[in-house]
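S.K.: What follows is final-v1.csv; its format and atoms are CSV, C-alpha atoms and all ligand atoms.
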```
chain,number,residue,atom,x,y,z
A,25,MET,CA,-13.3,-4.2,13.4
A,26,ARG,CA,-11.1,-3.0,10.6
A,27,PHE,CA,-8.6,-5.0,8.5
A,28,PHE,CA,-4.9,-4.2,8.1
A,29,ILE,CA,-2.7,-6.5,6.0
A,30,ASP,CA,0.4,-7.9,7.6
A,31,THR,CA,3.0,-7.9,4.8
A,32,ALA,CA,5.7,-5.9,3.1
A,33,ASP,CA,4.9,-7.5,-0.3
A,34,LEU,CA,3.8,-4.8,-2.8
A,35,ASP,CA,1.8,-7.2,-4.9
A,36,GLU,CA,-0.1,-8.5,-1.9
A,37,ILE,CA,-0.8,-5.0,-0.7
A,38,ARG,CA,-1.9,-3.9,-4.2
A,39,GLU,CA,-4.3,-6.8,-4.5
A,40,ALA,CA,-5.8,-6.5,-1.0
A,41,LEU,CA,-6.2,-2.7,-1.6
A,42,SER,CA,-8.2,-3.5,-4.8
A,43,TRP,CA,-10.7,-5.4,-2.6
A,44,GLY,CA,-11.7,-2.0,-1.1
A,45,CYS,CA,-11.8,-3.2,2.5
A,46,LEU,CA,-8.3,-2.5,3.7
A,47,ALA,CA,-7.6,0.1,6.4
A,48,GLY,CA,-3.8,-0.1,6.8
A,49,VAL,CA,-0.6,-2.1,6.6
A,50,THR,CA,1.8,-3.5,9.2
A,51,THR,CA,5.3,-4.6,8.4
A,52,ASN,CA,8.1,-6.0,10.5
A,53,PRO,CA,11.8,-6.9,9.8
A,54,SER,CA,11.0,-10.5,9.0
A,55,LEU,CA,8.3,-9.5,6.5
A,56,TYR,CA,10.7,-7.0,4.8
A,57,ALA,CA,13.4,-9.7,4.7
A,58,ARG,CA,10.9,-12.0,3.0
A,59,THR,CA,10.7,-9.5,0.1
A,60,GLY,CA,14.4,-10.0,-0.6
A,61,GLY,CA,15.0,-6.3,-0.1
A,62,ALA,CA,18.4,-4.9,1.1
A,63,LEU,CA,19.0,-2.4,3.9
A,64,ALA,CA,19.7,0.4,1.4
A,65,ASP,CA,16.2,-0.1,-0.1
A,66,PHE,CA,14.3,-0.3,3.1
A,67,GLU,CA,13.1,3.3,3.4
A,68,GLY,CA,12.4,3.5,-0.3
A,69,HIS,CA,10.3,0.3,-0.1
A,70,MET,CA,8.4,1.6,2.9
A,71,LEU,CA,7.7,4.9,1.1
A,72,LYS,CA,6.3,2.9,-1.9
A,73,ILE,CA,3.9,1.2,0.5
A,74,CYS,CA,2.9,4.5,2.1
A,75,GLU,CA,2.2,6.0,-1.4
A,76,MET,CA,0.2,3.0,-2.5
A,77,CYS,CA,-1.9,3.2,0.7
A,78,GLU,CA,-2.8,6.9,0.1
A,79,GLY,CA,-3.0,8.0,3.7
A,80,LEU,CA,-3.9,4.7,5.4
A,81,PRO,CA,-1.6,4.0,8.4
A,82,VAL,CA,1.5,2.0,7.6
A,83,SER,CA,3.5,0.6,10.5
A,84,VAL,CA,7.3,0.7,9.9
A,85,GLU,CA,9.4,-1.1,12.5
A,86,SER,CA,12.6,0.4,14.1
A,87,GLN,CA,15.5,-1.8,14.9
A,88,ALA,CA,17.1,0.7,17.3
A,89,LYS,CA,18.0,-0.5,20.8
A,90,THR,CA,18.5,2.6,22.9
A,91,VAL,CA,16.0,5.3,23.8
A,92,GLU,CA,17.9,8.0,21.9
A,93,ASP,CA,18.3,5.8,18.8
A,94,MET,CA,14.6,4.8,18.9
A,95,VAL,CA,13.5,8.5,19.2
A,96,ALA,CA,15.9,9.5,16.4
A,97,ASP,CA,14.8,6.5,14.2
A,98,GLY,CA,11.1,7.2,15.0
A,99,ARG,CA,11.5,10.8,13.9
A,100,ARG,CA,13.3,9.8,10.7
A,101,LEU,CA,10.7,7.1,9.8
A,102,ALA,CA,7.8,9.4,10.6
A,103,ALA,CA,9.2,12.1,8.3
A,104,LEU,CA,9.2,9.6,5.4
A,105,ALA,CA,5.4,10.0,4.9
A,106,PRO,CA,2.5,11.4,6.9
A,107,ASN,CA,0.9,7.9,7.2
A,108,VAL,CA,3.9,6.2,8.8
A,109,VAL,CA,3.3,4.7,12.2
A,110,VAL,CA,6.5,3.9,14.1
A,111,LYS,CA,6.5,0.3,15.3
A,112,LEU,CA,8.5,-0.5,18.4
A,113,PRO,CA,8.8,-3.7,20.4
A,114,ILE,CA,7.7,-3.5,24.0
A,115,CYS,CA,10.6,-2.9,26.4
A,116,ALA,CA,11.7,-0.2,28.9
A,117,GLU,CA,13.6,1.7,26.2
A,118,SER,CA,10.6,1.7,23.8
A,119,LEU,CA,8.2,2.9,26.5
A,120,ALA,CA,10.5,5.9,27.1
A,121,ALA,CA,10.8,6.5,23.4
A,122,THR,CA,7.1,6.2,22.9
A,123,HIS,CA,6.5,8.8,25.6
A,124,GLN,CA,8.8,11.2,23.8
A,125,LEU,CA,7.6,10.4,20.2
A,126,ALA,CA,3.9,10.6,21.2
A,127,SER,CA,4.5,14.1,22.8
A,128,GLU,CA,5.8,15.2,19.4
A,129,GLY,CA,2.7,13.8,17.6
A,130,VAL,CA,4.5,10.7,16.2
A,131,ARG,CA,2.1,7.7,16.3
A,132,VAL,CA,3.6,4.5,17.8
A,133,ASN,CA,2.5,0.9,17.3
A,134,MET,CA,3.8,-1.1,20.3
A,135,THR,CA,4.5,-4.6,19.0
A,136,LEU,CA,5.4,-8.0,20.5
A,137,VAL,CA,2.8,-7.5,23.2
A,138,PHE,CA,1.8,-10.8,24.8
A,139,THR,CA,0.2,-9.8,28.1
A,140,ALA,CA,-2.4,-7.3,29.4
A,141,THR,CA,0.3,-5.7,31.7
A,142,GLN,CA,2.5,-5.0,28.7
A,143,ALA,CA,-0.5,-3.5,26.9
A,144,LEU,CA,-1.3,-1.3,29.9
A,145,LEU,CA,2.3,0.0,30.1
A,146,ALA,CA,2.3,0.7,26.3
A,147,ALA,CA,-1.0,2.6,26.6
A,148,ASN,CA,0.2,4.7,29.5
A,149,ALA,CA,3.4,5.6,27.7
A,150,GLY,CA,1.3,7.0,24.8
A,151,ALA,CA,1.2,4.3,22.2
A,152,ARG,CA,-1.4,5.0,19.5
A,153,TYR,CA,-1.7,1.3,18.6
A,154,ILE,CA,-1.0,-1.8,20.7
A,155,SER,CA,-0.4,-5.1,18.9
A,156,PRO,CA,-1.1,-8.2,21.0
A,157,PHE,CA,0.1,-11.4,19.3
A,158,VAL,CA,-2.4,-14.3,19.1
A,159,GLY,CA,-0.9,-17.0,16.8
A,160,ARG,CA,2.5,-17.2,18.5
A,161,PHE,CA,0.7,-18.3,21.7
A,162,ASP,CA,-1.1,-21.0,19.8
A,163,ASP,CA,2.3,-22.0,18.2
A,164,ILE,CA,3.5,-23.0,21.8
A,165,ALA,CA,0.2,-24.7,22.6
A,166,GLU,CA,-1.2,-21.8,24.7
A,167,ASP,CA,-4.4,-19.9,24.1
A,168,GLY,CA,-3.7,-16.7,22.2
A,169,VAL,CA,-7.4,-15.7,22.0
A,170,SER,CA,-7.8,-15.7,25.8
A,171,GLN,CA,-4.7,-13.5,26.2
A,172,LEU,CA,-6.2,-11.1,23.6
A,173,ALA,CA,-9.4,-11.1,25.6
A,174,ASP,CA,-7.5,-9.9,28.7
A,175,VAL,CA,-5.8,-7.1,26.7
A,176,VAL,CA,-9.1,-5.9,25.2
A,177,ALA,CA,-10.8,-6.0,28.6
A,178,CYS,CA,-8.0,-4.1,30.4
A,179,ILE,CA,-7.5,-1.4,27.8
A,180,GLY,CA,-11.3,-1.0,27.5
A,181,ASN,CA,-11.6,-0.2,31.2
A,182,ASP,CA,-10.2,3.3,30.6
A,183,ASP,CA,-10.9,6.0,28.1
A,184,TRP,CA,-7.2,7.1,28.1
A,185,SER,CA,-8.2,10.8,27.8
A,186,GLY,CA,-5.6,13.3,28.8
A,187,ARG,CA,-2.7,10.9,28.2
A,188,ASN,CA,-0.6,12.4,25.5
A,189,VAL,CA,-1.2,14.5,22.4
A,190,ASP,CA,-3.3,11.6,20.9
A,191,ASP,CA,-5.8,10.2,23.4
A,192,ARG,CA,-6.9,7.3,21.2
A,193,VAL,CA,-5.5,3.9,21.7
A,194,GLU,CA,-6.5,1.1,19.4
A,195,ILE,CA,-5.8,-2.6,19.7
A,196,ILE,CA,-4.5,-4.4,16.6
A,197,ALA,CA,-4.9,-8.2,17.0
A,198,ALA,CA,-1.7,-9.4,15.5
A,199,SER,CA,0.0,-12.7,14.6
A,200,ILE,CA,-3.2,-13.9,13.0
A,201,ARG,CA,-3.1,-17.3,11.4
A,202,THR,CA,-6.7,-18.3,10.7
A,203,PRO,CA,-10.2,-16.9,9.9
A,204,ASN,CA,-11.2,-18.1,13.4
A,205,HIS,CA,-8.6,-15.8,14.9
A,206,VAL,CA,-10.2,-12.9,13.0
A,207,THR,CA,-13.7,-13.8,14.1
A,208,GLN,CA,-12.6,-14.1,17.8
A,209,ALA,CA,-10.7,-10.8,17.6
A,210,ALA,CA,-13.9,-9.1,16.3
A,211,LEU,CA,-16.1,-10.8,18.9
A,212,LEU,CA,-13.8,-9.6,21.7
A,213,GLY,CA,-13.9,-6.0,20.4
A,214,ALA,CA,-10.4,-5.6,19.0
A,215,ASP,CA,-10.3,-2.4,16.8
A,216,ILE,CA,-8.3,-3.9,14.0
A,217,ALA,CA,-6.9,-7.3,13.0
A,218,THR,CA,-3.7,-7.3,11.0
A,219,VAL,CA,-3.9,-10.4,8.7
A,220,PRO,CA,-1.3,-12.0,6.4
A,221,PHE,CA,-2.6,-12.2,2.8
A,222,GLY,CA,-3.0,-16.0,2.9
A,223,ALA,CA,-5.3,-15.8,5.9
A,224,LEU,CA,-7.1,-12.8,4.3
A,225,LYS,CA,-7.9,-15.0,1.3
A,226,LYS,CA,-9.1,-17.8,3.6
A,227,CYS,CA,-11.4,-15.2,5.2
A,228,LEU,CA,-13.0,-14.5,1.8
A,229,ARG,CA,-13.7,-18.0,0.5
A,230,HIS,CA,-16.2,-20.6,1.6
A,231,PRO,CA,-17.0,-23.9,-0.2
A,232,LEU,CA,-20.7,-23.2,0.1
A,233,THR,CA,-20.2,-19.8,-1.6
A,234,ASP,CA,-18.4,-21.6,-4.4
A,235,GLN,CA,-21.1,-24.2,-4.7
A,236,GLY,CA,-23.8,-21.6,-4.5
A,237,MET,CA,-22.3,-19.5,-7.3
A,238,ALA,CA,-21.9,-22.6,-9.5
A,239,SER,CA,-25.5,-23.6,-9.1
A,240,PHE,CA,-26.7,-20.1,-9.7
A,241,ASP,CA,-24.6,-20.0,-12.9
A,242,ALA,CA,-26.0,-23.4,-14.0
A,243,ASP,CA,-29.6,-22.3,-13.3
A,244,TRP,CA,-29.1,-18.9,-15.0
A,245,ALA,CA,-27.8,-20.7,-18.1
A,246,LYS,CA,-31.2,-22.6,-18.3
A,247,VAL,CA,-33.0,-19.2,-18.1
A,248,THR,CA,-30.9,-17.6,-20.8
A,249,SER,CA,-31.1,-20.6,-23.1
A,250,ALA,CA,-35.0,-21.0,-22.7
A,251,ARG,CA,-37.1,-19.8,-25.6
B,301,LIG,C1,2.4,-7.5,14.0
B,301,LIG,O1,2.2,-6.4,13.5
B,301,LIG,C2,3.4,-8.5,13.4
B,301,LIG,O2,3.9,-8.0,12.1
B,301,LIG,C3,2.8,-9.8,13.1
B,301,LIG,O3,1.4,-9.9,13.2
B,301,LIG,C4,3.6,-11.0,13.5
B,301,LIG,O4,3.0,-12.2,13.2
B,301,LIG,P1,3.7,-13.6,13.1
B,301,LIG,O5,3.5,-14.3,14.4
B,301,LIG,O6,2.9,-14.3,12.0
B,301,LIG,O7,5.1,-13.4,12.7
```
Represent the structure of the file as structure tokens.
M.R.:
Amino acid sequence: MRFFIDTADLDEIREALSWGCLAGVTTNPSLYARTGGALADFEGHMLKICEMCEGLPVSVESQAKTVEDMVADGRRLAALAPNVVVKLPICAESLAATHQLASEGVRVNMTLVFTATQALLAANAGARYISPFVGRFDDIAEDGVSQLADVVACIGNDDWSGRNVDDRVEIIAASIRTPNHVTQAALLGADIATVPFGALKKCLRHPLTDQGMASFDADWAKVTSAR
């Protein structure tokens, strides 16, 4: 399973990229709002992310509401940089727009997916990525991991060949809150987890690792000071 970072913050993306284990970025309107950016700067900001990521897929979300506007927006966003993936929230209009965009070679990440049936509709419409949300189920005391399991199983039952221009469909476990969500997503066979920077840092650290490093340092100091 690969890691995407779920943020629009340039510093977070830069630092996560420096770790050498990042395979892409996902953004959404809330994450962009959090950067304090204005509408006029939106596309410039997304372009900066695309350039920093040097070809890695960057999901940029459209706020269009009609099929025509989604298609037009999708084409415009995709023209920003070759690594743009157009992100659309699942609904009747976005399925139609995805079908059209996919036939033109534009990659779509279908977001706000909560059920296996939504995921199946998105895959049939031609979505390149499907983003089932995990944490938002847990937020309302439901089990996000078991919903993700249904999505992975249903999508995995088909090879999706002959669908659209791009036969591949990958599942991005989204709305990740904890390292345990990441582990469960990998165990279930999700292709990617998109993880906020805070949760990514939690995935890296463990108190026993810190303890182990401290004791190796202390013992090595004995070695280097011995005559
Ligand atoms: C998906 O790509 C979304 O950006 C994201 O994972 C939403 O997660 P949230 O529930 O933390 O807002």
S.K.: Please, what distance in Å, to one decimal, runs between atom CA of Val132 of chain A and atom CA of Ala198 of chain A?
M.R.: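 Taking atom CA of Val132 of chain A as the start and atom CA of Ala198 of chain A as the end point, the length is 15.1 Å.
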S.K.: Have a look at atom CA of Val206 of chain A and atom CA of Leu112 of chain A and let me know their distance in Å, one decimal.
M.R.: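 Spanning atom CA of Val206 of chain A to atom CA of Leu112 of chain A is a straight-line distance of 23.1 Å.
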S.K.: Rank nothing, just name the residue among A:Val109, A:Ile73, A:Val219, A:Val95 nearest to ligand LIG 301 (chain B), using only C-alpha atoms and all ligand atoms.
M.R.: A:Val219
S.K.: So how far away is atom CA of Ser155 of chain A from atom CA of Val110 of chain A, in Å?
M.R.: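 About the pair atom CA of Val110 of chain A and atom CA of Ser155 of chain A: they are 12.3 Å apart.
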S.K.: Enumerate residues in contact with ligand LIG 301 (chain B): an atom-to-atom distance of at most 7 Å, counting all atoms listed in the file. Format the result as a list in words.
M.R.: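 Those residues are Asp30, Thr50, Thr51, Asn52, Thr135, Ser155, Phe157, Gly159, Arg160, Ala198, Ser199, Ile200, Arg201, Thr218 and Val219 of chain A.
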S.K.: Might you pull out every residue within 7 Å of Pro81 of chain A, with all atoms listed in the file counted and same-chain residues fewer than 4 positions away left off, and present them as an NGL selection string?
M.R.: :A and (48-49 or 107-109)
S.K.: Between A:Ala146, A:Ala121, A:Ala126, A:Ala217, single out the one closest to Val158 of chain A, counting all atoms listed in the file.
M.R.: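 Smallest distance to Val158 of chain A is found for A:Ala217.
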S.K.: Find the residue from A:Glu194, A:Ser185, A:Phe66, A:Glu92 that sits nearest to Met134 of chain A; use all atoms listed in the file when measuring.
M.R.: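 When distances to Met134 of chain A are compared using all atoms listed in the file, the smallest one comes from A:Glu194.
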S.K.: List the residues sitting within 9 Å of (14.4, 2.2, 10.8) in the file's frame, using all atoms listed in the file, as a ChimeraX atom specification.
M.R.: /A:66-67,84-88,94,97-98,100-101,110
S.K.: So that I can see what lies close to Gln171 of chain A, please list as number ranges by chain the residues with an atom at most 10 Å from it, counting only C-alpha atoms and leaving out residues fewer than 4 positions away in the same chain.
M.R.: A: 138-140, 156-158, 161, 166-167, 175-177
S.K.: Quick one: of A:Leu104, A:Cys115, A:Ala238, A:Ala250, who's nearest to Thr90 of chain A, counting only C-alpha atoms?
M.R.: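 Closest to Thr90 of chain A, using only C-alpha atoms: A:Cys115.
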S.K.: Out of A:Glu75, A:Asp33, A:Leu80, A:Ser42, which residue has the shortest atom-to-atom distance to Gly61 of chain A when counting all atoms listed in the file?
M.R.: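 Using all atoms listed in the file, the shortest distance to Gly61 of chain A belongs to A:Asp33.
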S.K.: I need the residue nearest Phe221 of chain A from this list: A:Ala40, A:Ala116, A:Leu145, A:Val91. Use only C-alpha atoms for the distance.
M.R.: A:Ala40
S.K.: Can you tell me, as a list in words, which residues sit within 10 Å of (5.8, -5.0, -3.5) in the file's frame, using only C-alpha atoms?
M.R.: Thr31, Ala32, Asp33, Leu34, Asp35, Glu36, Ile37, Arg38, Tyr56, Thr59, Gly61, His69, Met70, Lys72, Ile73 and Met76 of chain A
